[in-house]
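Peer 1: Structure provided below as structure tokens; questions to follow.
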Amino acid sequence: MEEFSSNGVRIAFIDERPDNDRGEPILLIHGFASTHAVNWLFPLWVRTLNGAGRRVIALDNRGHGRSQKLYDPKDYHTAIMAEDSRNLLDHLGIEYADVMGYSMGARIGAFLVLAHRDRVRSLVMGGLGSHLMEGFGLPVSIAEAMEAETIEELRDPQQKMFRGFAEATKSDRRALAACIRGSRQVLTPEQVHDIDVPTLVCVGTRDEVAGDPHPLAEMLPQGRAVDIPDRDHNRAVGDRVYKQAVLEFLEERP
């Protein structure tokens, strides 16, 4: 992986160019407790998008993967994490890119559009629906799950799911706890309406984390929702229905 400094924070990333580069790069932003590899490499997203002639840039968000670990919640405000993505585009000299985020990464993508509309050609939000506006993102109990002595003492299924995922990805759980506490921002309906780029919202029909994709898509000026059949929050990531919808969306969007 390569690295760069985003306002003093070390961010790791990959930059995969296809042989038949069509000049339409896409930036991928992974979800909470994940990494660029878990979200995008292992489910073959990078290969799929490269195969369609798209240059793929994917970062490890701050506090995740090979990027720098921080332990103060204020360092994980979603707007700050969106600036990491914008700084990466600057670092690579990319003026304009499609953006796809999953779960927390989709939230970051939405904030990126609001702050830098001129840098985002289109937005794909996977694993995030109405909860972009409702509640405060993932519950703070997920932070408590990261700090528990063992996973066996947890009883809540969602806590156990995210704690197990963090252990599987060998994550820094103290950094993840800070991330949950610091990235609990939602958007108002008015802000959602300001996301005026072609936007695809993809959520598994068994996803109990994301919220309904259809009300969100209806509020977006150029939004469309896709249901990923019989997939929960984790298993939707590499689903072929999701991939096909994204490929078609990227071909059709202006």
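So you can find residues: chains in the structure tokens are A, B, ... in the order shown, residues in each start at 1, and ligands are numbered from 1 in order.
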What's the 12 Å shell around Lys170 of chain A, counting only C-alpha atoms, without same-chain residues fewer than 3 positions away, as a ChimeraX atom specification?
Peer 2: /A:33-35,38,64-66,146,163-167,173-176
Peer 1: Just the selected residues (C-alpha atoms), exported as a compact mmCIF listing (two decimals), in the first residue's frame, please.
Peer 2:
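In the end it all went to part.txt:
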```txt
# COMPACT_ATOMS: atom_id res chain seq x y z
CA ALA A 33 -14.25 -1.88 11.55
CA SER A 34 -13.44 -2.89 7.99
CA THR A 35 -10.51 -2.11 5.66
CA VAL A 38 -12.09 -6.61 3.49
CA HIS A 64 -8.60 1.40 10.48
CA GLY A 65 -6.33 -1.04 8.65
CA ARG A 66 -2.88 0.34 7.97
CA MET A 146 -15.21 -2.78 21.52
CA ARG A 163 -17.13 -7.04 18.01
CA GLY A 164 -16.67 -10.32 16.13
CA PHE A 165 -16.03 -8.42 12.89
CA ALA A 166 -13.43 -6.21 14.60
CA GLU A 167 -11.65 -9.27 15.97
CA ARG A 173 -10.60 -1.79 19.18
CA ARG A 174 -9.72 1.28 21.23
CA ALA A 175 -9.45 3.33 18.03
CA LEU A 176 -12.76 1.90 16.83
```
Peer 1: As a list in words, which residues of segment 33-197 of chain A does DSSP assign to strand (DSSP E)?
Peer 2: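 Selection result, strand (DSSP E) within segment 33-197 of chain A: Val56, Ile57, Ala58, Leu59, Ala97, Asp98, Val99, Met100, Gly101, Tyr102, Val120, Arg121, Ser122, Leu123, Val124, Met125 and Gly126 of chain A.
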Peer 1: Nearest to Leu41 of chain A: which of A:Pro254, A:Pro18, A:Gly238, A:Gly204 is it, counting only C-alpha atoms?
Peer 2: A:Gly238
Peer 1: Need the shell around Ala82 of chain A: protein/DNA/RNA residues with any atom at most 8 Å away, counting only C-alpha atoms. Skip same-chain ones fewer than 5 positions apart. Format as a compact mmCIF listing (two decimals) with N, CA and C atoms, in the first residue's frame?
Peer 2:
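Output contents, as saved in result26.txt:
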```
# COMPACT_ATOMS: atom_id res chain seq x y z
N ILE A 108 -19.69 8.91 4.99
CA ILE A 108 -18.56 9.77 4.64
C ILE A 108 -18.73 10.32 3.23
N GLY A 109 -19.16 9.46 2.30
CA GLY A 109 -19.38 9.89 0.93
C GLY A 109 -20.42 11.00 0.82
N PHE A 111 -21.17 13.21 3.15
CA PHE A 111 -20.54 14.42 3.66
C PHE A 111 -19.56 15.00 2.65
N LEU A 112 -18.89 14.13 1.91
CA LEU A 112 -17.95 14.58 0.88
C LEU A 112 -18.69 15.35 -0.22
```
Peer 1: According to DSSP computed on the backbone, where in segment 12-221 of chain A is there helix (DSSP H, G or I)? Give the residues as a compact mmCIF listing (two decimals) with N, CA and C atoms, in the first residue's frame.
Peer 2:
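The resulting out05.txt:
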```txt
# COMPACT_ATOMS: atom_id res chain seq x y z
N HIS A 36 -9.88 -1.47 3.42
CA HIS A 36 -10.04 -1.48 1.96
C HIS A 36 -10.05 -2.91 1.44
N ALA A 37 -9.24 -3.78 2.06
CA ALA A 37 -9.13 -5.16 1.59
C ALA A 37 -10.40 -5.95 1.88
N VAL A 38 -10.91 -5.85 3.10
CA VAL A 38 -12.09 -6.61 3.49
C VAL A 38 -13.32 -6.17 2.70
N ASN A 39 -13.46 -4.85 2.52
CA ASN A 39 -14.64 -4.32 1.84
C ASN A 39 -14.58 -4.44 0.33
N TRP A 40 -13.39 -4.25 -0.24
CA TRP A 40 -13.32 -4.06 -1.68
C TRP A 40 -12.42 -5.06 -2.42
N LEU A 41 -11.32 -5.49 -1.82
CA LEU A 41 -10.44 -6.44 -2.50
C LEU A 41 -10.99 -7.86 -2.44
N TRP A 45 -14.45 -6.43 -5.72
CA TRP A 45 -14.91 -5.16 -6.27
C TRP A 45 -13.84 -4.50 -7.11
N VAL A 46 -12.60 -4.53 -6.64
CA VAL A 46 -11.52 -3.87 -7.38
C VAL A 46 -11.35 -4.54 -8.75
N ARG A 47 -11.37 -5.86 -8.76
CA ARG A 47 -11.25 -6.58 -10.03
C ARG A 47 -12.43 -6.26 -10.94
N THR A 48 -13.62 -6.24 -10.39
CA THR A 48 -14.82 -5.97 -11.19
C THR A 48 -14.76 -4.58 -11.82
N LEU A 49 -14.39 -3.59 -11.04
CA LEU A 49 -14.36 -2.21 -11.55
C LEU A 49 -13.19 -2.00 -12.50
N ASN A 50 -12.03 -2.59 -12.19
CA ASN A 50 -10.91 -2.54 -13.13
C ASN A 50 -11.30 -3.18 -14.46
N GLY A 51 -12.02 -4.29 -14.38
CA GLY A 51 -12.45 -4.99 -15.59
C GLY A 51 -13.37 -4.15 -16.46
N PRO A 73 -12.20 10.91 20.24
CA PRO A 73 -13.39 10.90 19.38
C PRO A 73 -13.51 12.09 18.44
N LYS A 74 -12.98 13.24 18.86
CA LYS A 74 -13.13 14.42 18.01
C LYS A 74 -12.37 14.30 16.69
N ASP A 75 -11.43 13.37 16.64
CA ASP A 75 -10.67 13.16 15.40
C ASP A 75 -11.43 12.34 14.37
N TYR A 76 -12.64 11.88 14.74
CA TYR A 76 -13.40 11.02 13.84
C TYR A 76 -14.73 11.62 13.39
N THR A 78 -17.40 12.90 11.04
CA THR A 78 -17.58 12.44 9.67
C THR A 78 -17.06 13.46 8.66
N ALA A 79 -17.22 14.74 8.95
CA ALA A 79 -16.72 15.76 8.03
C ALA A 79 -15.19 15.72 7.93
N ILE A 80 -14.51 15.41 9.02
CA ILE A 80 -13.05 15.29 9.00
C ILE A 80 -12.64 14.08 8.18
N MET A 81 -13.36 12.97 8.33
CA MET A 81 -13.05 11.77 7.56
C MET A 81 -13.32 11.99 6.07
N ALA A 82 -14.33 12.79 5.76
CA ALA A 82 -14.58 13.14 4.36
C ALA A 82 -13.42 13.94 3.78
N GLU A 83 -12.81 14.77 4.61
CA GLU A 83 -11.66 15.54 4.13
C GLU A 83 -10.47 14.64 3.83
N ASP A 84 -10.33 13.52 4.55
CA ASP A 84 -9.28 12.56 4.20
C ASP A 84 -9.46 12.08 2.76
N SER A 85 -10.70 11.80 2.38
CA SER A 85 -10.98 11.34 1.02
C SER A 85 -10.69 12.43 0.01
N ARG A 86 -11.11 13.65 0.31
CA ARG A 86 -10.83 14.75 -0.61
C ARG A 86 -9.34 15.00 -0.73
N ASN A 87 -8.62 14.91 0.40
CA ASN A 87 -7.17 15.10 0.37
C ASN A 87 -6.48 14.01 -0.45
N LEU A 88 -7.04 12.80 -0.43
CA LEU A 88 -6.46 11.73 -1.23
C LEU A 88 -6.64 12.04 -2.72
N LEU A 89 -7.80 12.53 -3.10
CA LEU A 89 -7.99 12.92 -4.50
C LEU A 89 -7.00 14.01 -4.89
N ASP A 90 -6.79 14.97 -4.00
CA ASP A 90 -5.81 16.02 -4.26
C ASP A 90 -4.41 15.43 -4.42
N HIS A 91 -4.06 14.52 -3.52
CA HIS A 91 -2.73 13.90 -3.54
C HIS A 91 -2.47 13.19 -4.87
N MET A 104 -20.60 3.11 7.09
CA MET A 104 -19.95 4.35 7.51
C MET A 104 -19.31 5.05 6.32
N GLY A 105 -18.78 4.28 5.39
CA GLY A 105 -18.17 4.87 4.20
C GLY A 105 -19.18 5.60 3.32
N ALA A 106 -20.43 5.11 3.30
CA ALA A 106 -21.48 5.80 2.57
C ALA A 106 -21.81 7.14 3.24
N ARG A 107 -21.81 7.14 4.57
CA ARG A 107 -22.05 8.39 5.31
C ARG A 107 -20.94 9.39 4.99
N ILE A 108 -19.69 8.91 4.99
CA ILE A 108 -18.56 9.77 4.64
C ILE A 108 -18.73 10.32 3.23
N GLY A 109 -19.16 9.46 2.30
CA GLY A 109 -19.38 9.89 0.93
C GLY A 109 -20.42 11.00 0.82
N ALA A 110 -21.49 10.89 1.61
CA ALA A 110 -22.52 11.92 1.59
C ALA A 110 -21.96 13.25 2.09
N PHE A 111 -21.17 13.21 3.15
CA PHE A 111 -20.54 14.42 3.66
C PHE A 111 -19.56 15.00 2.65
N LEU A 112 -18.89 14.13 1.91
CA LEU A 112 -17.95 14.58 0.88
C LEU A 112 -18.69 15.35 -0.22
N VAL A 113 -19.84 14.85 -0.64
CA VAL A 113 -20.62 15.56 -1.66
C VAL A 113 -21.04 16.93 -1.15
N LEU A 114 -21.53 16.99 0.08
CA LEU A 114 -22.01 18.27 0.62
C LEU A 114 -20.89 19.30 0.72
N ALA A 115 -19.69 18.85 1.04
CA ALA A 115 -18.57 19.78 1.21
C ALA A 115 -17.86 20.11 -0.11
N ARG A 117 -19.02 19.36 -3.73
CA ARG A 117 -19.89 18.90 -4.82
C ARG A 117 -19.14 18.82 -6.15
N ASP A 118 -18.21 19.73 -6.36
CA ASP A 118 -17.51 19.80 -7.63
C ASP A 118 -16.51 18.67 -7.84
N ARG A 119 -16.27 17.85 -6.79
CA ARG A 119 -15.30 16.78 -6.90
C ARG A 119 -15.94 15.40 -7.12
N SER A 130 -32.22 4.96 5.36
CA SER A 130 -32.81 6.06 6.14
C SER A 130 -32.02 6.42 7.38
N HIS A 131 -31.14 5.55 7.84
CA HIS A 131 -30.34 5.87 9.02
C HIS A 131 -29.29 6.93 8.75
N LEU A 132 -29.16 7.36 7.51
CA LEU A 132 -28.34 8.55 7.23
C LEU A 132 -28.96 9.76 7.90
N SER A 141 -23.48 1.82 21.90
CA SER A 141 -23.24 0.52 22.52
C SER A 141 -22.19 -0.28 21.75
N ILE A 142 -21.97 0.05 20.46
CA ILE A 142 -20.94 -0.63 19.69
C ILE A 142 -19.57 -0.27 20.25
N ALA A 143 -19.40 0.98 20.69
CA ALA A 143 -18.14 1.38 21.32
C ALA A 143 -17.91 0.58 22.60
N GLU A 144 -18.98 0.41 23.35
CA GLU A 144 -18.88 -0.39 24.58
C GLU A 144 -18.51 -1.83 24.27
N ALA A 145 -19.03 -2.34 23.16
CA ALA A 145 -18.69 -3.70 22.75
C ALA A 145 -17.20 -3.81 22.42
N MET A 146 -16.64 -2.77 21.84
CA MET A 146 -15.21 -2.78 21.52
C MET A 146 -14.36 -2.80 22.79
N GLU A 147 -14.89 -2.21 23.85
CA GLU A 147 -14.12 -2.08 25.08
C GLU A 147 -14.36 -3.23 26.07
N ILE A 151 -15.76 -11.10 24.04
CA ILE A 151 -17.00 -11.10 23.28
C ILE A 151 -18.07 -11.94 23.98
N GLU A 152 -17.64 -12.88 24.81
CA GLU A 152 -18.59 -13.77 25.49
C GLU A 152 -19.48 -13.03 26.47
N GLU A 153 -19.03 -11.89 26.99
CA GLU A 153 -19.85 -11.17 27.96
C GLU A 153 -20.93 -10.31 27.29
N PRO A 157 -27.14 -8.89 19.98
CA PRO A 157 -26.64 -9.46 18.72
C PRO A 157 -25.83 -8.48 17.88
N GLN A 158 -26.25 -7.21 17.84
CA GLN A 158 -25.52 -6.23 17.05
C GLN A 158 -24.15 -5.96 17.65
N GLN A 159 -24.09 -5.89 18.98
CA GLN A 159 -22.79 -5.73 19.64
C GLN A 159 -21.87 -6.89 19.31
N LYS A 160 -22.40 -8.09 19.40
CA LYS A 160 -21.58 -9.28 19.12
C LYS A 160 -21.13 -9.31 17.66
N MET A 161 -22.00 -8.89 16.75
CA MET A 161 -21.64 -8.90 15.33
C MET A 161 -20.46 -7.98 15.06
N PHE A 162 -20.54 -6.74 15.56
CA PHE A 162 -19.47 -5.80 15.28
C PHE A 162 -18.19 -6.13 16.05
N ARG A 163 -18.32 -6.64 17.26
CA ARG A 163 -17.13 -7.04 18.01
C ARG A 163 -16.44 -8.22 17.30
N GLY A 164 -17.23 -9.19 16.84
CA GLY A 164 -16.67 -10.32 16.13
C GLY A 164 -16.00 -9.89 14.84
N PHE A 165 -16.60 -8.92 14.14
CA PHE A 165 -16.03 -8.42 12.89
C PHE A 165 -14.70 -7.72 13.18
N ALA A 166 -14.67 -6.91 14.24
CA ALA A 166 -13.43 -6.21 14.60
C ALA A 166 -12.31 -7.18 14.95
N GLU A 167 -12.66 -8.26 15.64
CA GLU A 167 -11.65 -9.27 15.97
C GLU A 167 -11.17 -9.98 14.71
N ALA A 168 -12.10 -10.26 13.80
CA ALA A 168 -11.73 -10.96 12.57
C ALA A 168 -10.79 -10.13 11.70
N ARG A 173 -9.25 -2.00 18.65
CA ARG A 173 -10.60 -1.79 19.18
C ARG A 173 -10.72 -0.49 19.94
N ARG A 174 -9.67 -0.01 20.52
CA ARG A 174 -9.72 1.28 21.23
C ARG A 174 -9.91 2.42 20.22
N ALA A 175 -9.25 2.33 19.07
CA ALA A 175 -9.45 3.33 18.03
C ALA A 175 -10.87 3.26 17.47
N LEU A 176 -11.40 2.04 17.34
CA LEU A 176 -12.76 1.90 16.83
C LEU A 176 -13.79 2.46 17.81
N ALA A 177 -13.56 2.30 19.09
CA ALA A 177 -14.47 2.87 20.08
C ALA A 177 -14.50 4.39 19.96
N ALA A 178 -13.33 4.98 19.77
CA ALA A 178 -13.25 6.43 19.59
C ALA A 178 -13.97 6.84 18.30
N CYS A 179 -13.83 6.04 17.25
CA CYS A 179 -14.47 6.33 15.98
C CYS A 179 -15.99 6.35 16.12
N ILE A 180 -16.54 5.35 16.80
CA ILE A 180 -18.00 5.31 17.00
C ILE A 180 -18.47 6.55 17.76
N ARG A 181 -17.75 6.92 18.78
CA ARG A 181 -18.18 8.06 19.60
C ARG A 181 -18.03 9.39 18.86
N GLY A 182 -17.11 9.44 17.90
CA GLY A 182 -16.86 10.71 17.23
C GLY A 182 -17.59 10.89 15.92
N PRO A 189 -33.18 16.40 6.45
CA PRO A 189 -33.80 16.24 5.13
C PRO A 189 -33.33 17.30 4.14
N GLU A 190 -33.12 18.52 4.63
CA GLU A 190 -32.66 19.59 3.76
C GLU A 190 -31.26 19.30 3.23
N GLN A 191 -30.39 18.77 4.08
CA GLN A 191 -29.05 18.41 3.63
C GLN A 191 -29.08 17.27 2.62
N VAL A 192 -29.94 16.29 2.87
CA VAL A 192 -30.08 15.18 1.91
C VAL A 192 -30.51 15.71 0.55
N HIS A 193 -31.42 16.66 0.55
CA HIS A 193 -31.87 17.23 -0.72
C HIS A 193 -30.74 17.97 -1.45
N PRO A 213 -33.80 1.84 2.30
CA PRO A 213 -33.18 2.68 1.27
C PRO A 213 -34.17 3.53 0.48
N HIS A 214 -35.43 3.13 0.44
CA HIS A 214 -36.38 3.80 -0.45
C HIS A 214 -36.75 5.21 -0.01
N PRO A 215 -37.04 5.48 1.26
CA PRO A 215 -37.32 6.87 1.64
C PRO A 215 -36.13 7.80 1.39
N LEU A 216 -34.92 7.29 1.60
CA LEU A 216 -33.73 8.10 1.35
C LEU A 216 -33.62 8.42 -0.14
N ALA A 217 -33.77 7.40 -0.99
CA ALA A 217 -33.65 7.61 -2.43
C ALA A 217 -34.69 8.61 -2.93
N GLU A 218 -35.89 8.55 -2.35
CA GLU A 218 -36.96 9.46 -2.78
C GLU A 218 -36.65 10.91 -2.43
N MET A 219 -35.87 11.13 -1.39
CA MET A 219 -35.52 12.49 -0.98
C MET A 219 -34.35 13.06 -1.76
```
Peer 1: What are the closest atom pairs, with distances in Å to one decimal, for all residues of segment 74-150 of chain A lying within 10 Å of segment 228-234 of chain A? Consider only C-alpha atoms, order rows by chain and residue number, and present the result as CSV.
Peer 2:
```
residue,atom,partner,partner_atom,distance
A:Tyr102,CA,A:His233,CA,9.7
A:Ser103,CA,A:His233,CA,8.5
A:Gly126,CA,A:His233,CA,9.3
A:Gly127,CA,A:His233,CA,6.2
A:Leu128,CA,A:His233,CA,9.1
```
Peer 1: Which residues are near Pro25 of chain A? Cut-off 6 Å, only C-alpha atoms, ignore same chain within fewer than 3 positions. Put them as an MDAnalysis selection string.
Peer 2: chainID A and resid 54:56 97
Peer 1: Would you export the selected residues with N, CA and C atoms as a tab-separated table (two decimals), in the first residue's frame, please?
Peer 2:
```
chain	number	residue	atom	x	y	z
A	54	ARG	N	-12.19	0.98	-15.08
A	54	ARG	CA	-12.20	2.08	-14.11
A	54	ARG	C	-11.00	2.00	-13.17
A	55	ARG	N	-10.30	3.10	-13.06
A	55	ARG	CA	-9.23	3.24	-12.08
A	55	ARG	C	-9.84	3.25	-10.68
A	56	VAL	N	-9.32	2.41	-9.79
A	56	VAL	CA	-9.90	2.25	-8.45
A	56	VAL	C	-8.93	2.77	-7.40
A	97	ALA	N	-14.34	12.45	-9.43
A	97	ALA	CA	-14.40	10.99	-9.33
A	97	ALA	C	-15.80	10.54	-8.93
```
Peer 1: So how far away is atom CA of Glu208 of chain A from atom CA of Leu28 of chain A, in Å?
Peer 2: 22.7 Å
Peer 1: Considering only C-alpha atoms, state which residue in the set A:Val209, A:Val124, A:Ala148, A:Val237 is at the smallest distance from Val197 of chain A.
Peer 2: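 Checking each candidate against Val197 of chain A, we get A:Val124 as the closest.
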Peer 1: Show which residues sit within 9 Å of Asp15 of chain A, as an NGL selection string. Count only C-alpha atoms, and ignore same-chain residues fewer than 6 positions away.
Peer 2: :A and (1-2 or 55-59 or 92)
Peer 1: Write a file of the selected residues as a tab-separated table (two decimals), in the first residue's frame, keeping N, CA and C atoms.
Peer 2:
```tsv
chain	number	residue	atom	x	y	z
A	1	MET	N	0.83	-1.20	0.00
A	1	MET	CA	0.00	0.00	0.00
A	1	MET	C	0.87	1.26	0.00
A	2	GLU	N	0.32	2.32	-0.55
A	2	GLU	CA	0.97	3.62	-0.50
A	2	GLU	C	0.42	4.40	0.70
A	55	ARG	N	-10.30	3.10	-13.06
A	55	ARG	CA	-9.23	3.24	-12.08
A	55	ARG	C	-9.84	3.25	-10.68
A	56	VAL	N	-9.32	2.41	-9.79
A	56	VAL	CA	-9.90	2.25	-8.45
A	56	VAL	C	-8.93	2.77	-7.40
A	57	ILE	N	-9.40	3.71	-6.60
A	57	ILE	CA	-8.66	4.21	-5.45
A	57	ILE	C	-9.44	3.82	-4.20
A	58	ALA	N	-8.76	3.21	-3.24
A	58	ALA	CA	-9.43	2.80	-2.00
A	58	ALA	C	-8.50	3.06	-0.83
A	59	LEU	N	-9.02	3.68	0.20
A	59	LEU	CA	-8.21	4.01	1.36
A	59	LEU	C	-8.62	3.18	2.57
A	92	LEU	N	-3.51	12.61	-5.44
A	92	LEU	CA	-3.37	11.87	-6.69
A	92	LEU	C	-3.65	12.72	-7.92
```
Peer 1: Which of these residues is nearest to His77 of chain A, using only C-alpha atoms: A:Val99, A:Val186, A:Val201, A:Ile195?
Peer 2: A:Val186
